[in-house]
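Have a look at data_0.tsv; it's TSV, N, CA and C atoms:
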```tsv
chain	number	residue	atom	x	y	z
A	1	MET	N	-1.78	-6.46	21.55
A	1	MET	CA	-0.51	-5.91	21.92
A	1	MET	C	-0.15	-4.82	20.92
A	2	PRO	N	0.20	-3.63	21.38
A	2	PRO	CA	0.54	-2.54	20.47
A	2	PRO	C	1.89	-2.77	19.81
A	3	LEU	N	1.99	-2.25	18.61
A	3	LEU	CA	3.26	-2.32	17.89
A	3	LEU	C	4.26	-1.37	18.53
A	4	THR	N	5.49	-1.79	18.62
A	4	THR	CA	6.52	-0.95	19.21
A	4	THR	C	7.23	-0.09	18.19
A	5	ARG	N	6.93	-0.33	16.94
A	5	ARG	CA	7.60	0.40	15.87
A	5	ARG	C	6.59	0.68	14.77
A	6	LYS	N	6.71	1.82	14.12
A	6	LYS	CA	5.80	2.13	13.04
A	6	LYS	C	6.04	1.18	11.87
A	7	PHE	N	4.95	0.77	11.26
A	7	PHE	CA	5.01	-0.15	10.13
A	7	PHE	C	5.88	0.40	9.01
A	8	ILE	N	5.69	1.67	8.64
A	8	ILE	CA	6.45	2.23	7.53
A	8	ILE	C	7.94	2.26	7.84
A	9	ASP	N	8.30	2.46	9.10
A	9	ASP	CA	9.72	2.44	9.46
A	9	ASP	C	10.31	1.05	9.24
A	10	THR	N	9.55	0.03	9.58
A	10	THR	CA	10.00	-1.34	9.37
A	10	THR	C	10.19	-1.62	7.89
A	11	ILE	N	9.22	-1.20	7.08
A	11	ILE	CA	9.29	-1.41	5.63
A	11	ILE	C	10.47	-0.62	5.04
A	12	ARG	N	10.63	0.63	5.47
A	12	ARG	CA	11.73	1.46	4.97
A	12	ARG	C	13.09	0.85	5.29
A	13	ASP	N	13.25	0.34	6.52
A	13	ASP	CA	14.52	-0.28	6.91
A	13	ASP	C	14.80	-1.52	6.07
A	14	ARG	N	13.76	-2.32	5.85
A	14	ARG	CA	13.98	-3.53	5.05
A	14	ARG	C	14.31	-3.17	3.60
A	15	ALA	N	13.62	-2.18	3.07
A	15	ALA	CA	13.89	-1.75	1.69
A	15	ALA	C	15.32	-1.23	1.55
A	16	ALA	N	15.81	-0.56	2.58
A	16	ALA	CA	17.17	-0.02	2.53
A	16	ALA	C	18.22	-1.12	2.51
A	17	LYS	N	17.90	-2.26	3.11
A	17	LYS	CA	18.87	-3.35	3.24
A	17	LYS	C	18.71	-4.45	2.20
A	18	ASP	N	17.54	-4.53	1.58
A	18	ASP	CA	17.23	-5.70	0.76
A	18	ASP	C	16.81	-5.30	-0.66
A	19	PRO	N	17.73	-5.40	-1.63
A	19	PRO	CA	17.39	-5.02	-3.01
A	19	PRO	C	16.20	-5.82	-3.58
A	20	ALA	N	16.10	-7.09	-3.22
A	20	ALA	CA	14.99	-7.90	-3.73
A	20	ALA	C	13.66	-7.39	-3.19
A	21	PHE	N	13.65	-6.91	-1.97
A	21	PHE	CA	12.44	-6.37	-1.38
A	21	PHE	C	12.03	-5.08	-2.09
A	22	ARG	N	13.02	-4.21	-2.40
A	22	ARG	CA	12.73	-2.98	-3.15
A	22	ARG	C	12.12	-3.32	-4.50
A	23	ALA	N	12.69	-4.30	-5.17
A	23	ALA	CA	12.16	-4.72	-6.47
A	23	ALA	C	10.75	-5.27	-6.34
A	24	ALA	N	10.51	-6.02	-5.27
A	24	ALA	CA	9.17	-6.61	-5.07
A	24	ALA	C	8.12	-5.54	-4.82
A	25	LEU	N	8.49	-4.48	-4.10
A	25	LEU	CA	7.54	-3.39	-3.86
A	25	LEU	C	7.08	-2.77	-5.18
A	26	LEU	N	8.03	-2.49	-6.05
A	26	LEU	CA	7.68	-1.90	-7.34
A	26	LEU	C	6.96	-2.91	-8.23
A	27	GLU	N	7.38	-4.15	-8.20
A	27	GLU	CA	6.75	-5.18	-9.01
A	27	GLU	C	5.28	-5.36	-8.65
A	28	GLU	N	4.97	-5.38	-7.36
A	28	GLU	CA	3.57	-5.53	-6.93
A	28	GLU	C	2.72	-4.38	-7.43
A	29	ALA	N	3.26	-3.16	-7.37
A	29	ALA	CA	2.52	-2.00	-7.85
A	29	ALA	C	2.26	-2.11	-9.35
A	30	LEU	N	3.27	-2.51	-10.10
A	30	LEU	CA	3.10	-2.63	-11.55
A	30	LEU	C	2.19	-3.79	-11.93
A	31	ASP	N	2.25	-4.87	-11.18
A	31	ASP	CA	1.34	-5.99	-11.42
A	31	ASP	C	-0.11	-5.55	-11.22
A	32	ALA	N	-0.35	-4.80	-10.16
A	32	ALA	CA	-1.71	-4.30	-9.90
A	32	ALA	C	-2.17	-3.40	-11.04
A	33	LEU	N	-1.27	-2.55	-11.51
A	33	LEU	CA	-1.60	-1.66	-12.62
A	33	LEU	C	-1.97	-2.46	-13.86
A	34	LEU	N	-1.16	-3.45	-14.22
A	34	LEU	CA	-1.42	-4.24	-15.41
A	34	LEU	C	-2.66	-5.12	-15.27
A	35	ASP	N	-3.02	-5.44	-14.03
A	35	ASP	CA	-4.25	-6.21	-13.78
A	35	ASP	C	-5.49	-5.33	-13.78
A	36	GLY	N	-5.30	-4.02	-13.94
A	36	GLY	CA	-6.43	-3.11	-13.98
A	36	GLY	C	-6.86	-2.59	-12.62
A	37	ASP	N	-6.10	-2.91	-11.58
A	37	ASP	CA	-6.41	-2.44	-10.23
A	37	ASP	C	-5.69	-1.11	-10.00
A	38	ILE	N	-6.24	-0.05	-10.56
A	38	ILE	CA	-5.60	1.25	-10.53
A	38	ILE	C	-5.47	1.77	-9.10
A	39	ASP	N	-6.53	1.66	-8.32
A	39	ASP	CA	-6.47	2.14	-6.94
A	39	ASP	C	-5.43	1.37	-6.13
A	40	GLY	N	-5.39	0.07	-6.32
A	40	GLY	CA	-4.39	-0.75	-5.63
A	40	GLY	C	-2.99	-0.40	-6.08
A	41	ALA	N	-2.81	-0.14	-7.37
A	41	ALA	CA	-1.50	0.23	-7.90
A	41	ALA	C	-1.03	1.54	-7.30
A	42	LYS	N	-1.92	2.52	-7.19
A	42	LYS	CA	-1.54	3.81	-6.61
A	42	LYS	C	-1.17	3.65	-5.13
A	43	GLU	N	-1.92	2.86	-4.42
A	43	GLU	CA	-1.62	2.62	-3.00
A	43	GLU	C	-0.26	1.94	-2.84
A	44	LEU	N	-0.01	0.93	-3.67
A	44	LEU	CA	1.28	0.24	-3.61
A	44	LEU	C	2.44	1.14	-4.04
A	45	LEU	N	2.20	2.02	-5.01
A	45	LEU	CA	3.24	2.97	-5.40
A	45	LEU	C	3.55	3.94	-4.27
A	46	ARG	N	2.51	4.40	-3.55
A	46	ARG	CA	2.75	5.26	-2.39
A	46	ARG	C	3.62	4.54	-1.37
A	47	ASP	N	3.32	3.27	-1.11
A	47	ASP	CA	4.13	2.49	-0.18
A	47	ASP	C	5.56	2.37	-0.67
A	48	CYS	N	5.72	2.11	-1.95
A	48	CYS	CA	7.06	1.97	-2.55
A	48	CYS	C	7.83	3.28	-2.43
A	49	ILE	N	7.18	4.39	-2.73
A	49	ILE	CA	7.83	5.70	-2.64
A	49	ILE	C	8.25	5.99	-1.21
A	50	ASN	N	7.32	5.79	-0.27
A	50	ASN	CA	7.61	6.05	1.14
A	50	ASN	C	8.73	5.16	1.67
A	51	ALA	N	8.80	3.94	1.19
A	51	ALA	CA	9.80	2.99	1.69
A	51	ALA	C	11.16	3.15	1.03
A	52	THR	N	11.22	3.86	-0.08
A	52	THR	CA	12.48	3.94	-0.80
A	52	THR	C	12.97	5.38	-0.91
A	53	ILE	N	12.58	6.08	-1.91
A	53	ILE	CA	13.12	7.39	-2.23
A	53	ILE	C	12.47	8.53	-1.45
A	54	GLY	N	11.19	8.42	-1.12
A	54	GLY	CA	10.45	9.50	-0.48
A	54	GLY	C	9.93	10.49	-1.52
A	55	PHE	N	8.87	11.20	-1.16
A	55	PHE	CA	8.22	12.10	-2.11
A	55	PHE	C	9.08	13.30	-2.46
A	56	ARG	N	9.82	13.83	-1.51
A	56	ARG	CA	10.63	15.02	-1.78
A	56	ARG	C	11.72	14.71	-2.81
A	57	ALA	N	12.45	13.63	-2.60
A	57	ALA	CA	13.51	13.26	-3.55
A	57	ALA	C	12.93	12.87	-4.90
A	58	LEU	N	11.79	12.19	-4.91
A	58	LEU	CA	11.15	11.83	-6.17
A	58	LEU	C	10.77	13.09	-6.94
A	59	SER	N	10.25	14.07	-6.24
A	59	SER	CA	9.90	15.34	-6.86
A	59	SER	C	11.14	16.01	-7.45
A	60	GLU	N	12.21	16.07	-6.67
A	60	GLU	CA	13.43	16.72	-7.14
A	60	GLU	C	14.03	16.01	-8.36
A	61	ARG	N	14.07	14.69	-8.32
A	61	ARG	CA	14.68	13.93	-9.42
A	61	ARG	C	13.83	13.91	-10.68
A	62	SER	N	12.51	14.00	-10.49
A	62	SER	CA	11.61	13.95	-11.65
A	62	SER	C	11.36	15.32	-12.26
A	63	GLY	N	11.61	16.37	-11.47
A	63	GLY	CA	11.30	17.71	-11.95
A	63	GLY	C	9.82	18.05	-11.83
A	64	LEU	N	9.07	17.21	-11.17
A	64	LEU	CA	7.63	17.43	-10.98
A	64	LEU	C	7.40	18.02	-9.58
A	65	PRO	N	6.46	18.94	-9.44
A	65	PRO	CA	6.18	19.50	-8.12
A	65	PRO	C	5.75	18.41	-7.14
A	66	ILE	N	6.20	18.52	-5.89
A	66	ILE	CA	5.92	17.49	-4.91
A	66	ILE	C	4.41	17.27	-4.73
A	67	LYS	N	3.63	18.36	-4.74
A	67	LYS	CA	2.18	18.20	-4.59
A	67	LYS	C	1.58	17.42	-5.76
A	68	SER	N	2.13	17.62	-6.95
A	68	SER	CA	1.64	16.88	-8.12
A	68	SER	C	1.97	15.39	-7.99
A	69	VAL	N	3.18	15.10	-7.53
A	69	VAL	CA	3.58	13.70	-7.35
A	69	VAL	C	2.68	13.03	-6.32
A	70	MET	N	2.43	13.72	-5.22
A	70	MET	CA	1.57	13.15	-4.18
A	70	MET	C	0.14	12.96	-4.69
A	71	ARG	N	-0.33	13.93	-5.46
A	71	ARG	CA	-1.69	13.83	-6.01
A	71	ARG	C	-1.80	12.68	-7.02
A	72	MET	N	-0.74	12.45	-7.80
A	72	MET	CA	-0.77	11.38	-8.82
A	72	MET	C	-1.08	10.03	-8.20
A	73	VAL	N	-0.52	9.76	-7.02
A	73	VAL	CA	-0.71	8.44	-6.42
A	73	VAL	C	-1.72	8.46	-5.27
A	74	SER	N	-2.47	9.56	-5.17
A	74	SER	CA	-3.53	9.63	-4.16
A	74	SER	C	-4.75	8.86	-4.68
A	75	PRO	N	-5.68	8.53	-3.80
A	75	PRO	CA	-6.87	7.79	-4.27
A	75	PRO	C	-7.61	8.50	-5.40
A	76	ALA	N	-7.62	9.82	-5.41
A	76	ALA	CA	-8.32	10.57	-6.47
A	76	ALA	C	-7.40	10.92	-7.63
A	77	GLY	N	-6.14	10.52	-7.57
A	77	GLY	CA	-5.17	10.88	-8.59
A	77	GLY	C	-5.48	10.29	-9.95
A	78	ASN	N	-5.17	11.06	-10.98
A	78	ASN	CA	-5.37	10.62	-12.36
A	78	ASN	C	-4.23	11.20	-13.19
A	79	PRO	N	-3.01	10.63	-13.02
A	79	PRO	CA	-1.84	11.24	-13.65
A	79	PRO	C	-1.85	11.09	-15.17
A	80	ARG	N	-1.23	12.09	-15.82
A	80	ARG	CA	-1.00	11.97	-17.26
A	80	ARG	C	0.03	10.88	-17.47
A	81	LEU	N	-0.02	10.24	-18.61
A	81	LEU	CA	0.88	9.13	-18.90
A	81	LEU	C	2.35	9.55	-18.89
A	82	ASP	N	2.66	10.73	-19.41
A	82	ASP	CA	4.06	11.16	-19.43
A	82	ASP	C	4.59	11.37	-18.01
A	83	ASN	N	3.79	11.95	-17.13
A	83	ASN	CA	4.21	12.14	-15.74
A	83	ASN	C	4.34	10.80	-15.02
A	84	PHE	N	3.43	9.89	-15.31
A	84	PHE	CA	3.48	8.57	-14.69
A	84	PHE	C	4.72	7.81	-15.14
A	85	ALA	N	5.05	7.91	-16.42
A	85	ALA	CA	6.25	7.26	-16.95
A	85	ALA	C	7.50	7.84	-16.30
A	86	THR	N	7.52	9.15	-16.10
A	86	THR	CA	8.65	9.80	-15.42
A	86	THR	C	8.78	9.28	-14.00
A	87	LEU	N	7.66	9.20	-13.30
A	87	LEU	CA	7.65	8.68	-11.93
A	87	LEU	C	8.22	7.27	-11.89
A	88	LEU	N	7.78	6.41	-12.80
A	88	LEU	CA	8.28	5.03	-12.82
A	88	LEU	C	9.76	4.97	-13.16
A	89	SER	N	10.21	5.82	-14.07
A	89	SER	CA	11.62	5.84	-14.44
A	89	SER	C	12.50	6.21	-13.24
A	90	VAL	N	12.09	7.23	-12.50
A	90	VAL	CA	12.85	7.65	-11.32
A	90	VAL	C	12.81	6.57	-10.25
A	91	LEU	N	11.65	5.96	-10.05
A	91	LEU	CA	11.55	4.88	-9.05
A	91	LEU	C	12.44	3.70	-9.41
A	92	GLN	N	12.50	3.35	-10.68
A	92	GLN	CA	13.38	2.26	-11.09
A	92	GLN	C	14.84	2.58	-10.79
A	93	ALA	N	15.26	3.80	-11.10
A	93	ALA	CA	16.64	4.20	-10.83
A	93	ALA	C	16.91	4.21	-9.33
A	94	ALA	N	15.95	4.70	-8.56
A	94	ALA	CA	16.13	4.80	-7.11
A	94	ALA	C	16.16	3.44	-6.43
A	95	THR	N	15.45	2.48	-6.99
A	95	THR	CA	15.40	1.15	-6.39
A	95	THR	C	16.39	0.18	-7.02
A	96	GLY	N	17.09	0.63	-8.05
A	96	GLY	CA	18.05	-0.24	-8.72
A	96	GLY	C	17.38	-1.38	-9.47
A	97	THR	N	16.21	-1.09	-10.03
A	97	THR	CA	15.44	-2.11	-10.73
A	97	THR	C	15.19	-1.68	-12.17
A	98	GLN	N	14.75	-2.63	-12.97
A	98	GLN	CA	14.31	-2.33	-14.33
A	98	GLN	C	13.08	-3.17	-14.60
A	99	ALA	N	11.97	-2.50	-14.82
A	99	ALA	CA	10.72	-3.20	-15.10
A	99	ALA	C	10.70	-3.66	-16.55
A	100	THR	N	10.24	-4.86	-16.76
A	100	THR	CA	10.04	-5.39	-18.10
A	100	THR	C	8.65	-6.01	-18.16
A	101	VAL	N	8.13	-6.11	-19.35
A	101	VAL	CA	6.80	-6.68	-19.55
A	101	VAL	C	6.93	-7.83	-20.51
A	102	THR	N	6.30	-8.93	-20.19
A	102	THR	CA	6.24	-10.07	-21.09
A	102	THR	C	4.80	-10.21	-21.56
A	103	VAL	N	4.63	-10.23	-22.85
A	103	VAL	CA	3.30	-10.37	-23.43
A	103	VAL	C	3.15	-11.79	-23.93
A	104	SER	N	2.08	-12.44	-23.50
A	104	SER	CA	1.82	-13.80	-23.96
A	104	SER	C	0.36	-13.91	-24.36
A	105	GLN	N	0.10	-14.85	-25.23
A	105	GLN	CA	-1.26	-15.05	-25.70
A	105	GLN	C	-2.04	-15.83	-24.66
A	106	GLN	N	-3.25	-15.35	-24.36
A	106	GLN	CA	-4.10	-16.03	-23.40
A	106	GLN	C	-4.74	-17.24	-24.06
A	107	ASP	N	-5.09	-18.20	-23.24
A	107	ASP	CA	-5.84	-19.36	-23.70
A	107	ASP	C	-7.19	-18.88	-24.22
A	108	SER	N	-7.52	-19.22	-25.44
A	108	SER	CA	-8.76	-18.71	-26.05
A	108	SER	C	-10.00	-19.18	-25.32
A	109	SER	N	-9.93	-20.25	-24.58
A	109	SER	CA	-11.12	-20.73	-23.86
A	109	SER	C	-11.47	-19.82	-22.70
A	110	SER	N	-10.51	-19.02	-22.22
A	110	SER	CA	-10.79	-18.12	-21.11
A	110	SER	C	-11.25	-16.75	-21.59
A	111	GLU	N	-11.15	-16.48	-22.87
A	111	GLU	CA	-11.58	-15.22	-23.43
A	111	GLU	C	-13.09	-15.25	-23.65
A	112	HIS	N	-13.67	-14.07	-23.76
A	112	HIS	CA	-15.09	-13.99	-24.10
A	112	HIS	C	-15.26	-14.50	-25.52
A	113	GLU	N	-16.19	-15.39	-25.66
A	113	GLU	CA	-16.40	-15.94	-27.00
A	113	GLU	C	-17.48	-15.14	-27.72
A	114	THR	N	-17.29	-14.92	-29.01
A	114	THR	CA	-18.25	-14.22	-29.82
A	114	THR	C	-19.25	-15.22	-30.38
A	115	GLU	N	-20.53	-14.89	-30.19
A	115	GLU	CA	-21.55	-15.79	-30.71
A	115	GLU	C	-21.67	-15.58	-32.22
A	116	ARG	N	-21.88	-16.68	-32.90
A	116	ARG	CA	-22.08	-16.61	-34.36
A	116	ARG	C	-23.56	-16.78	-34.66
A	117	ALA	N	-24.05	-15.97	-35.58
A	117	ALA	CA	-25.46	-16.04	-35.94
A	117	ALA	C	-25.69	-17.04	-37.02
```
structure tokens encoding of this file:
Amino acid sequence: MPLTRKFIDTIRDRAAKDPAFRAALLEEALDALLDGDIDGAKELLRDCINATIGFRALSERSGLPIKSVMRMVSPAGNPRLDNFATLLSVLQAATGTQATVTVSQQDSSSEHETERA
């Protein structure tokens, strides 16, 4: 059965109405980034941008050219850290969220163990 509505429209409508959903979109992207899934993080960031602020407004608010913003989160994108930080800062403001990081020590048994000679 064909969909009667575009997926992105459904996501955009939900993001507009649900602050927790907006936060979850950004959280999933950042979780993927911290897990080392760079391609997944960029894809999730594209979804977050499309569902919330849009590329044009993100470009205007960040002061970065729209083509650069689109390229940053494209599959081949490799953004500079300062531009990426700017993008995240604008997304947080646009979604009414604040990302935080909690650092905890991993269980040493799950880490690679160094052999002793």
| query | Between A:Thr100, A:Thr52, A:Asn83, A:Ser89, which has the minimum distance to Ile8 (chain A) (counting only C-alpha atoms)? | reply |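 Among A:Thr100, A:Thr52, A:Asn83, A:Ser89, it is A:Thr52 that comes nearest to Ile8 (chain A).
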| remark: Pairwise distance, atom N of Leu34 (chain A) with atom N of Ser68 (chain A), equals 22.5 Å
| message | Just checking: using only N, CA and C atoms, which residue out of A:Asn50, A:Leu26, A:Pro75, A:Ala20 ends up closest to Gln92 (chain A)? | response |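 Among A:Asn50, A:Leu26, A:Pro75, A:Ala20, it is A:Leu26 that comes nearest to Gln92 (chain A).
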| remark: Residue with the minimum atom-to-atom distance to Arg61 (chain A), picked from A:Val90, A:Leu81, A:Leu45, A:Gly96 with only N, CA and C atoms counted, is A:Val90
| For the atom pair atom C of Lys42 (chain A) and CA of Phe55 (chain A), what is the interatomic distance in Å to one decimal place? | 13.0 Å
